[in-house]
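Structure data (compact mmCIF, C-alpha atoms) from run_25.txt:
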# COMPACT_ATOMS: atom_id res chain seq x y z
CA MET A 1 0.00 0.00 0.00
CA ARG A 2 1.33 3.43 -0.97
CA VAL A 3 0.19 6.29 1.25
CA GLY A 4 0.86 9.91 0.43
CA SER A 5 -0.26 13.36 1.49
CA PHE A 6 -2.59 15.67 -0.44
CA VAL A 7 -1.55 19.32 -0.15
CA LEU A 8 -3.91 22.15 -1.07
CA ALA A 9 -1.99 25.04 0.55
CA ALA A 10 -5.35 25.89 2.07
CA GLN A 11 -5.78 29.40 3.43
CA PHE A 12 -7.80 29.17 6.63
CA PRO A 13 -9.66 32.23 7.99
CA GLY A 14 -7.28 34.74 9.52
CA GLN A 15 -4.24 33.35 7.72
CA GLY A 16 -2.12 34.95 5.03
CA GLU A 17 -1.31 33.34 1.73
CA GLY A 18 2.37 33.06 2.61
CA GLU A 19 1.49 31.18 5.78
CA ALA A 20 -0.59 28.69 3.78
CA LEU A 21 2.21 28.14 1.27
CA HIS A 22 4.84 27.75 3.98
CA ARG A 23 2.69 25.08 5.66
CA ALA A 24 2.36 23.31 2.32
CA VAL A 25 6.11 23.20 1.74
CA ARG A 26 6.92 22.22 5.29
CA SER A 27 4.32 19.43 5.37
CA ALA A 28 5.87 17.99 2.21
CA GLU A 29 9.33 17.99 3.76
CA VAL A 30 7.97 16.25 6.86
CA ALA A 31 6.16 13.72 4.63
CA GLU A 32 9.51 12.58 3.25
CA GLU A 33 10.98 12.37 6.75
CA ALA A 34 7.97 10.33 7.90
CA GLY A 35 8.31 7.75 5.12
CA LEU A 36 5.25 8.63 3.04
CA ASP A 37 5.22 7.58 -0.60
CA THR A 38 4.06 10.70 -2.47
CA VAL A 39 3.13 14.33 -1.97
CA TRP A 40 0.21 15.32 -4.20
CA LEU A 41 -0.21 19.04 -4.96
CA ALA A 42 -3.46 20.78 -5.84
CA GLU A 43 -3.83 23.80 -8.12
CA HIS A 44 -6.34 26.64 -7.82
CA HIS A 45 -6.68 30.21 -9.08
CA PHE A 46 -8.07 33.31 -7.39
CA VAL A 47 -9.53 31.52 -4.33
CA PRO A 48 -8.32 30.87 -0.76
CA TYR A 49 -9.53 27.26 -1.01
CA GLY A 50 -6.00 26.60 -2.30
CA THR A 51 -3.27 29.19 -2.74
CA CYS A 52 -1.02 27.24 -5.14
CA PRO A 53 -1.71 28.50 -8.69
CA SER A 54 0.79 26.14 -10.36
CA ALA A 55 1.12 22.61 -9.05
CA VAL A 56 3.92 21.82 -11.47
CA THR A 57 5.96 24.81 -10.25
CA LEU A 58 5.54 23.83 -6.60
CA ALA A 59 6.41 20.25 -7.58
CA ALA A 60 9.70 21.49 -9.02
CA LEU A 61 10.55 23.22 -5.75
CA LEU A 62 9.71 20.17 -3.66
CA LEU A 63 11.58 17.77 -5.92
CA GLY A 64 14.64 19.96 -5.42
CA ARG A 65 14.22 19.90 -1.65
CA THR A 66 13.68 16.16 -1.32
CA ARG A 67 15.61 13.05 -2.29
CA ARG A 68 13.28 10.05 -2.04
CA ILE A 69 9.58 10.91 -2.03
CA ARG A 70 7.55 11.13 -5.24
CA VAL A 71 5.80 14.41 -6.03
CA GLY A 72 2.64 14.57 -8.11
CA THR A 73 0.12 17.15 -9.28
CA ALA A 74 -3.47 16.62 -8.20
CA VAL A 75 -4.14 18.15 -10.49
CA SER A 76 -2.72 20.40 -13.17
CA VAL A 77 -5.80 21.90 -14.85
CA LEU A 78 -5.48 21.03 -18.52
CA PRO A 79 -8.07 23.36 -20.14
CA THR A 80 -6.22 26.46 -18.91
CA THR A 81 -2.77 25.47 -20.15
CA HIS A 82 -1.22 24.28 -23.40
CA PRO A 83 -0.68 20.51 -23.31
CA VAL A 84 2.71 20.81 -25.02
CA ALA A 85 3.95 23.33 -22.46
CA LEU A 86 2.77 21.07 -19.66
CA GLY A 87 4.32 18.04 -21.34
CA GLU A 88 7.67 19.81 -21.64
CA GLN A 89 7.57 20.71 -17.94
CA ALA A 90 6.68 17.14 -17.00
CA ALA A 91 9.53 15.72 -19.06
CA LEU A 92 11.95 18.20 -17.50
CA LEU A 93 10.92 17.24 -13.97
CA HIS A 94 11.00 13.55 -14.85
CA HIS A 95 14.62 13.77 -15.98
CA THR A 96 15.90 16.06 -13.25
CA SER A 97 14.25 14.15 -10.38
CA ASP A 98 15.34 10.64 -11.42
CA GLY A 99 11.76 9.74 -12.30
CA ARG A 100 10.08 10.90 -9.07
CA PHE A 101 7.45 13.09 -10.75
CA THR A 102 3.85 12.12 -11.46
CA LEU A 103 1.67 14.35 -13.64
CA GLY A 104 -1.97 14.35 -12.64
CA VAL A 105 -4.33 16.28 -14.89
CA GLY A 106 -7.98 17.21 -14.68
CA ARG A 107 -10.74 19.13 -16.39
CA GLY A 108 -11.19 21.66 -13.59
CA GLY A 109 -14.43 23.60 -13.36
CA PRO A 110 -16.40 26.26 -15.27
CA TRP A 111 -14.59 29.01 -13.39
CA VAL A 112 -13.51 32.52 -14.34
CA ASP A 113 -10.03 31.02 -14.84
CA LEU A 114 -11.16 30.12 -18.37
CA GLU A 115 -11.77 33.80 -19.12
CA VAL A 116 -8.57 35.08 -17.54
CA PHE A 117 -6.32 32.60 -19.35
CA GLY A 118 -8.18 32.96 -22.64
CA ALA A 119 -9.19 29.33 -22.92
CA GLY A 120 -12.93 29.94 -23.04
CA LEU A 121 -15.79 27.79 -21.81
CA GLU A 122 -15.51 25.42 -24.78
CA ALA A 123 -12.08 24.30 -23.58
CA TYR A 124 -13.77 23.06 -20.39
CA GLU A 125 -16.95 21.67 -21.92
CA LYS A 126 -15.56 20.01 -25.06
CA GLY A 127 -11.81 20.41 -25.33
CA PHE A 128 -10.45 18.16 -22.58
CA PRO A 129 -10.15 14.95 -24.68
CA GLU A 130 -8.22 16.76 -27.41
CA SER A 131 -5.87 18.38 -24.90
CA LEU A 132 -5.31 15.05 -23.15
CA ASP A 133 -4.49 13.29 -26.42
CA VAL A 134 -1.90 15.91 -27.37
CA LEU A 135 -0.34 15.58 -23.91
CA VAL A 136 -0.25 11.78 -24.05
CA ARG A 137 1.40 11.84 -27.47
CA TRP A 138 3.97 14.37 -26.27
CA LEU A 139 4.95 12.08 -23.40
CA ARG A 140 5.18 8.97 -25.61
CA GLU A 141 6.40 9.96 -29.07
CA ALA A 142 9.58 11.39 -30.60
CA SER A 143 7.78 14.12 -32.54
CA VAL A 144 4.24 15.48 -32.51
CA ALA A 145 1.92 17.40 -34.83
CA ALA A 146 -1.67 18.47 -34.21
CA ASP A 147 -4.63 19.12 -36.49
CA GLY A 148 -7.55 19.36 -34.10
CA GLU A 149 -10.23 21.91 -33.36
CA ARG A 150 -8.23 23.68 -30.66
CA PHE A 151 -4.60 22.79 -31.38
CA ARG A 152 -3.03 22.93 -34.84
CA PHE A 153 0.70 22.96 -35.39
CA ARG A 154 3.31 21.41 -37.67
CA GLU A 155 5.34 18.40 -36.56
CA VAL A 156 7.99 19.33 -34.02
CA PRO A 157 10.52 17.21 -32.12
CA VAL A 158 9.89 16.43 -28.45
CA VAL A 159 12.80 17.94 -26.51
CA PRO A 160 13.60 16.71 -23.97
CA ARG A 161 12.07 13.34 -24.65
CA PRO A 162 10.70 11.77 -21.47
CA SER A 163 12.64 8.64 -22.39
CA GLU A 164 15.43 8.05 -24.87
CA ALA A 165 14.33 4.44 -25.36
CA LEU A 166 13.50 3.37 -28.90
CA THR A 167 10.24 1.77 -27.76
CA GLU A 168 7.25 3.52 -26.16
CA ALA A 169 8.60 6.00 -23.64
CA GLU A 170 8.87 5.16 -19.98
CA GLY A 171 8.27 8.77 -19.13
CA PRO A 172 6.52 10.43 -16.20
CA GLU A 173 3.48 8.68 -14.85
CA LEU A 174 0.24 10.30 -16.01
CA VAL A 175 -3.04 10.04 -14.07
CA VAL A 176 -6.44 11.61 -14.72
CA ALA A 177 -8.87 13.01 -12.16
CA CYS A 178 -12.21 11.27 -12.75
CA THR A 179 -15.55 12.46 -11.40
CA SER A 180 -18.01 11.08 -13.95
CA PRO A 181 -18.58 8.00 -16.14
CA ALA A 182 -17.41 10.03 -19.14
CA SER A 183 -14.05 10.84 -17.56
CA VAL A 184 -13.65 7.23 -16.41
CA ARG A 185 -14.10 6.08 -19.98
CA LEU A 186 -11.69 8.74 -21.23
CA ALA A 187 -8.96 7.49 -18.88
CA ALA A 188 -9.65 3.81 -19.55
CA GLU A 189 -9.47 4.13 -23.32
CA ARG A 190 -6.02 5.68 -22.99
CA GLY A 191 -4.82 3.23 -20.35
CA LEU A 192 -4.38 5.98 -17.74
CA SER A 193 -4.92 5.43 -14.03
CA MET A 194 -7.55 7.46 -12.19
CA LEU A 195 -7.41 9.90 -9.30
CA LEU A 196 -10.72 9.65 -7.44
CA GLY A 197 -12.00 12.46 -5.24
CA MET A 198 -12.42 12.65 -1.49
CA HIS A 199 -16.14 13.47 -1.76
CA VAL A 200 -17.12 9.90 -2.73
CA GLY A 201 -17.04 6.76 -0.63
CA ASP A 202 -15.80 3.23 -1.16
CA GLU A 203 -18.89 1.94 -2.97
CA GLU A 204 -18.82 4.61 -5.64
CA LYS A 205 -15.05 4.32 -6.05
CA ALA A 206 -15.38 0.55 -6.49
CA GLU A 207 -18.00 1.14 -9.17
CA MET A 208 -15.69 3.57 -10.98
CA VAL A 209 -12.81 1.09 -10.90
CA ALA A 210 -15.09 -1.63 -12.30
CA LEU A 211 -16.30 0.73 -15.03
CA TRP A 212 -12.69 1.64 -15.90
CA ARG A 213 -11.81 -2.03 -16.30
CA GLN A 214 -14.91 -2.62 -18.43
CA HIS A 215 -14.04 0.21 -20.83
CA ALA A 216 -10.36 -0.75 -20.91
CA ARG A 217 -11.22 -4.34 -21.91
CA ALA A 218 -13.78 -3.16 -24.47
CA CYS A 219 -11.25 -1.01 -26.32
CA GLY A 220 -8.58 -3.72 -26.28
CA ARG A 221 -6.13 -2.45 -23.68
CA PRO A 222 -3.59 -5.18 -22.75
CA ALA A 223 -4.62 -7.45 -19.88
CA GLU A 224 -1.39 -6.79 -17.96
CA GLU A 225 -2.01 -3.04 -18.22
CA ILE A 226 -5.53 -3.41 -16.84
CA LEU A 227 -4.36 -5.57 -13.95
CA GLY A 228 -1.46 -3.25 -13.22
CA ALA A 229 -3.44 0.00 -13.20
CA SER A 230 -2.56 2.00 -10.11
CA HIS A 231 -5.51 4.23 -9.25
CA VAL A 232 -5.33 6.79 -6.46
CA SER A 233 -7.96 7.49 -3.80
CA ALA A 234 -8.05 10.98 -2.28
CA GLY A 235 -9.22 11.40 1.30
CA VAL A 236 -8.70 13.13 4.62
CA CYS A 237 -6.54 11.92 7.50
CA GLN A 238 -6.50 13.25 11.05
CA ILE A 239 -4.94 11.23 13.85
CA ALA A 240 -5.53 11.50 17.59
CA ASP A 241 -5.57 9.22 20.60
CA ARG A 242 -9.38 9.30 20.49
CA ARG A 243 -11.58 9.42 17.42
CA VAL A 244 -13.72 12.18 18.93
CA ASP A 245 -10.65 14.39 19.28
CA ALA A 246 -9.57 13.83 15.68
CA ALA A 247 -13.04 14.67 14.39
CA GLU A 248 -13.30 17.70 16.66
CA THR A 249 -10.05 19.10 15.24
CA LEU A 250 -11.47 18.99 11.73
CA LEU A 251 -14.96 20.16 12.69
CA LYS A 252 -13.49 23.24 14.35
CA ALA A 253 -11.22 24.25 11.46
CA MET A 254 -12.45 22.92 8.14
CA PRO A 255 -15.96 24.45 7.86
CA GLY A 256 -14.59 27.99 8.06
CA TRP A 257 -11.99 27.23 5.40
CA LEU A 258 -14.53 25.46 3.17
CA LYS A 259 -17.05 28.29 3.45
CA GLN A 260 -14.49 30.95 2.67
CA GLY A 261 -12.83 28.95 -0.07
CA LEU A 262 -15.82 27.53 -1.89
CA GLU A 263 -17.78 30.78 -1.82
CA ALA A 264 -14.91 32.50 -3.63
CA HIS A 265 -15.34 30.45 -6.82
CA VAL A 266 -16.86 32.50 -9.66
CA THR A 267 -18.34 30.84 -12.73
CA VAL A 268 -17.22 32.08 -16.12
CA ASP A 269 -20.75 32.29 -17.54
CA GLY A 270 -22.80 33.24 -14.46
CA ARG A 271 -24.36 29.81 -14.12
CA THR A 272 -25.96 29.01 -10.78
CA ARG A 273 -23.90 26.75 -8.57
CA ARG A 274 -24.91 24.94 -5.42
CA MET A 275 -22.33 25.02 -2.64
CA ARG A 276 -22.02 22.18 -0.16
CA ASP A 277 -22.88 22.92 3.45
CA PRO A 278 -19.39 23.26 5.01
CA LEU A 279 -20.23 21.59 8.31
CA ALA A 280 -22.16 18.72 6.72
CA TYR A 281 -19.35 18.20 4.20
CA THR A 282 -16.75 18.04 6.98
CA GLU A 283 -18.88 15.51 8.85
CA LEU A 284 -19.16 13.46 5.65
CA LEU A 285 -15.39 13.45 5.20
CA CYS A 286 -14.85 12.41 8.82
CA GLY A 287 -17.14 9.45 8.23
CA LEU A 288 -15.60 8.35 4.93
CA HIS A 289 -11.90 8.60 5.68
CA PRO A 290 -9.18 7.73 8.22
CA VAL A 291 -10.07 10.15 11.03
CA GLY A 292 -9.39 8.79 14.50
CA THR A 293 -6.87 6.62 16.31
CA PRO A 294 -3.89 5.13 14.45
CA ARG A 295 -5.54 1.70 14.56
CA LEU A 296 -8.81 3.06 13.19
CA CYS A 297 -6.98 4.93 10.44
CA ALA A 298 -5.05 1.82 9.41
CA ASP A 299 -8.24 -0.25 9.41
CA ARG A 300 -10.08 2.35 7.34
CA LEU A 301 -7.35 2.48 4.71
CA ALA A 302 -7.18 -1.32 4.56
CA ALA A 303 -10.95 -1.56 4.23
CA THR A 304 -11.03 0.99 1.41
CA SER A 305 -8.27 -0.88 -0.40
CA GLU A 306 -10.10 -4.20 -0.04
CA ARG A 307 -13.44 -2.79 -1.19
CA THR A 308 -12.13 -0.81 -4.15
CA GLY A 309 -8.95 -2.54 -5.24
CA ILE A 310 -7.10 0.77 -4.83
CA SER A 311 -3.78 0.67 -3.01
CA ARG A 312 -2.62 4.29 -3.38
CA PHE A 313 -3.88 7.12 -1.22
CA ALA A 314 -3.57 10.90 -1.27
CA LEU A 315 -4.61 12.09 2.19
CA LEU A 316 -5.33 15.69 3.16
CA VAL A 317 -3.29 16.16 6.34
CA GLU A 318 -3.62 19.94 6.82
CA GLY A 319 -7.25 19.92 7.97
CA SER A 320 -6.36 21.50 11.32
CA GLY A 321 -5.08 24.60 9.54
CA ASP A 322 -2.16 24.76 11.97
CA LEU A 323 1.46 24.16 10.98
CA SER A 324 2.64 22.35 14.11
CA ALA A 325 -0.51 20.23 14.24
CA THR A 326 -0.09 19.35 10.55
CA GLU A 327 3.52 18.31 11.11
CA GLU A 328 2.49 16.12 14.05
CA ASN A 329 -0.31 14.60 11.98
CA VAL A 330 2.10 13.67 9.19
CA ARG A 331 4.63 12.21 11.60
CA ARG A 332 1.98 10.09 13.32
CA LEU A 333 0.75 8.88 9.94
CA GLY A 334 4.25 7.70 9.14
CA ALA A 335 5.19 6.30 12.55
CA GLU A 336 1.90 4.86 13.82
CA VAL A 337 -0.28 4.06 10.79
CA LEU A 338 2.04 2.98 7.97
CA PRO A 339 3.63 0.14 10.01
CA GLN A 340 0.18 -1.40 10.46
CA LEU A 341 -0.42 -1.57 6.71
CA VAL A 342 0.84 -4.37 4.50
Spit out the file's structure as structure tokens when you get a sec.
Amino acid sequence: MRVGSFVLAAQFPGQGEGEALHRAVRSAEVAEEAGLDTVWLAEHHFVPYGTCPSAVTLAALLLGRTRRIRVGTAVSVLPTTHPVALGEQAALLHHTSDGRFTLGVGRGGPWVDLEVFGAGLEAYEKGFPESLDVLVRWLREASVAADGERFRFREVPVVPRPSEALTEAEGPELVVACTSPASVRLAAERGLSMLLGMHVGDEEKAEMVALWRQHARACGRPAEEILGASHVSAGVCQIADRRVDAAETLLKAMPGWLKQGLEAHVTVDGRTRRMRDPLAYTELLCGLHPVGTPRLCADRLAATSERTGISRFALLVEGSGDLSATEENVRRLGAEVLPQLV
């Protein structure tokens, strides 16, 4: 089982952006010290929900500060960036980190980001498959041309190539955030593992894994590739000597952050959006994920893995909003939970 942290650089009420980013960097450093497998970095624009606007840039910093742990984006938002530019950055980090970088990409949301970066709503609603295909080709081929609706350019060499092998490149791992049957099918048809969100429980995640396998078989993906798919389950982790104390820590801190952060999202086209109730959402997360004693947390992770077939986890560890408490949470995850997992 491979357990990592999920870092949003969340700005809690009363905190500055620099404080949130410092906590994000420090928690990643402690994650390596604690023996975690991966640090996953989120990306957001113009909202305090997450103060990191470029997951791939923060990944570069953390890869330079660490020596063992993998660093992944969860996710780089593909509709607001050029897939070739992102592919070049991924290849660069793959080479310079000795293969410790994972590129996670997603569709994002219908936010004002699309207006600011000039992508437009169509890039979100229709353009994700085309962008993903250009990115996949860039990470696997020696040269790439495009003649699609959004991207058209002559054939150019891929420099640096993710791999100098003559066969299909063993470049940076690529995973896709999936929140719907359509995105599951998109990932399966391309043989890409999924990153599944923290807002859904084991039953729904198991259904998405089964659907991925069904689509992968239907389009002729190799059997060994299907069996070897390494999907990732996002969640929340808070450790305490008593479950009630762990839940209380999150229930005191997270609703204020969620309310402030989620309310700040602005849609690009003025569409009505329904925001989750922050307290109810926090309670849901406490019920779905490893929140409690080390034994409970280990049991919850093992149960999720057994029910879903997923053995990789990206766990939000900064739910207290406090730097010292986050560091302690990460250290306890490494020292008291990981040894109980096989």
Original post:
Excluding same-chain residues fewer than 4 positions from Arg243 in chain A, what lies within 7 Å of it counting all atoms listed in the file, as number ranges by chain?
Top reply: A: 247, 291-293
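Take the candidates A:His94, A:Lys205, A:Arg107, A:Arg331 and check each one against Ala34 in chain A using only C-alpha atoms; the shortest distance goes to A:Arg331.
Taking CA of Pro83 in chain A and CA of Asp133 in chain A as the two end points, the separation is 8.7 Å.
Taking CA of Ala74 in chain A and CA of Cys178 in chain A as endpoints, the distance between them is 11.2 Å.
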Original post:
Can you tell me, as a PyMOL selection string, what residues are no more than 10 Å from Leu338 in chain A when counting all atoms listed in the file, ignoring any on the same chain fewer than 4 positions away?
Top reply: chain A and resi 1-3+34-36+294+297-298+301+332-334+342
Take range 147-160 of chain A, bring it up to N, CA, C and O atoms, and give me the output as an mmCIF file, keeping the file's coordinate frame.
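After the write, rebuild06.cif holds the following:
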data_model
loop_
_atom_site.group_PDB
_atom_site.id
_atom_site.type_symbol
_atom_site.label_atom_id
_atom_site.label_comp_id
_atom_site.auth_asym_id
_atom_site.auth_seq_id
_atom_site.Cartn_x
_atom_site.Cartn_y
_atom_site.Cartn_z
ATOM 1 N N ASP A 147 -3.706 18.570 -35.511
ATOM 2 C CA ASP A 147 -4.630 19.120 -36.490
ATOM 3 C C ASP A 147 -6.046 18.986 -35.966
ATOM 4 O O ASP A 147 -6.932 18.445 -36.622
ATOM 5 N N GLY A 148 -6.257 19.469 -34.736
ATOM 6 C CA GLY A 148 -7.550 19.360 -34.100
ATOM 7 C C GLY A 148 -8.323 20.665 -34.126
ATOM 8 O O GLY A 148 -7.927 21.635 -34.789
ATOM 9 N N GLU A 149 -9.409 20.706 -33.386
ATOM 10 C CA GLU A 149 -10.230 21.910 -33.360
ATOM 11 C C GLU A 149 -9.575 23.027 -32.565
ATOM 12 O O GLU A 149 -9.710 24.211 -32.895
ATOM 13 N N ARG A 150 -8.839 22.667 -31.514
ATOM 14 C CA ARG A 150 -8.230 23.680 -30.660
ATOM 15 C C ARG A 150 -6.738 23.848 -30.920
ATOM 16 O O ARG A 150 -6.204 24.945 -30.852
ATOM 17 N N PHE A 151 -6.049 22.738 -31.214
ATOM 18 C CA PHE A 151 -4.600 22.790 -31.380
ATOM 19 C C PHE A 151 -4.218 22.354 -32.799
ATOM 20 O O PHE A 151 -4.570 21.251 -33.232
ATOM 21 N N ARG A 152 -3.518 23.229 -33.503
ATOM 22 C CA ARG A 152 -3.030 22.930 -34.840
ATOM 23 C C ARG A 152 -1.606 23.445 -34.953
ATOM 24 O O ARG A 152 -1.351 24.642 -34.805
ATOM 25 N N PHE A 153 -0.679 22.534 -35.188
ATOM 26 C CA PHE A 153 0.700 22.960 -35.390
ATOM 27 C C PHE A 153 1.445 21.883 -36.173
ATOM 28 O O PHE A 153 1.068 20.716 -36.164
ATOM 29 N N ARG A 154 2.500 22.316 -36.874
ATOM 30 C CA ARG A 154 3.310 21.410 -37.670
ATOM 31 C C ARG A 154 4.058 20.433 -36.761
ATOM 32 O O ARG A 154 4.166 20.641 -35.554
ATOM 33 N N GLU A 155 4.605 19.382 -37.350
ATOM 34 C CA GLU A 155 5.340 18.400 -36.560
ATOM 35 C C GLU A 155 6.614 19.009 -36.002
ATOM 36 O O GLU A 155 7.392 19.653 -36.720
ATOM 37 N N VAL A 156 6.798 18.813 -34.706
ATOM 38 C CA VAL A 156 7.990 19.330 -34.020
ATOM 39 C C VAL A 156 8.577 18.215 -33.168
ATOM 40 O O VAL A 156 7.861 17.323 -32.695
ATOM 41 N N PRO A 157 9.898 18.243 -32.960
ATOM 42 C CA PRO A 157 10.520 17.210 -32.120
ATOM 43 C C PRO A 157 10.204 17.449 -30.641
ATOM 44 O O PRO A 157 10.074 18.590 -30.195
ATOM 45 N N VAL A 158 10.098 16.374 -29.899
ATOM 46 C CA VAL A 158 9.890 16.430 -28.450
ATOM 47 C C VAL A 158 11.258 16.542 -27.789
ATOM 48 O O VAL A 158 12.075 15.625 -27.867
ATOM 49 N N VAL A 159 11.506 17.687 -27.166
ATOM 50 C CA VAL A 159 12.800 17.940 -26.510
ATOM 51 C C VAL A 159 12.536 18.624 -25.161
ATOM 52 O O VAL A 159 11.909 19.682 -25.134
ATOM 53 N N PRO A 160 12.952 18.026 -24.061
ATOM 54 C CA PRO A 160 13.600 16.710 -23.970
ATOM 55 C C PRO A 160 12.562 15.598 -24.040
ATOM 56 O O PRO A 160 11.448 15.754 -23.550
#
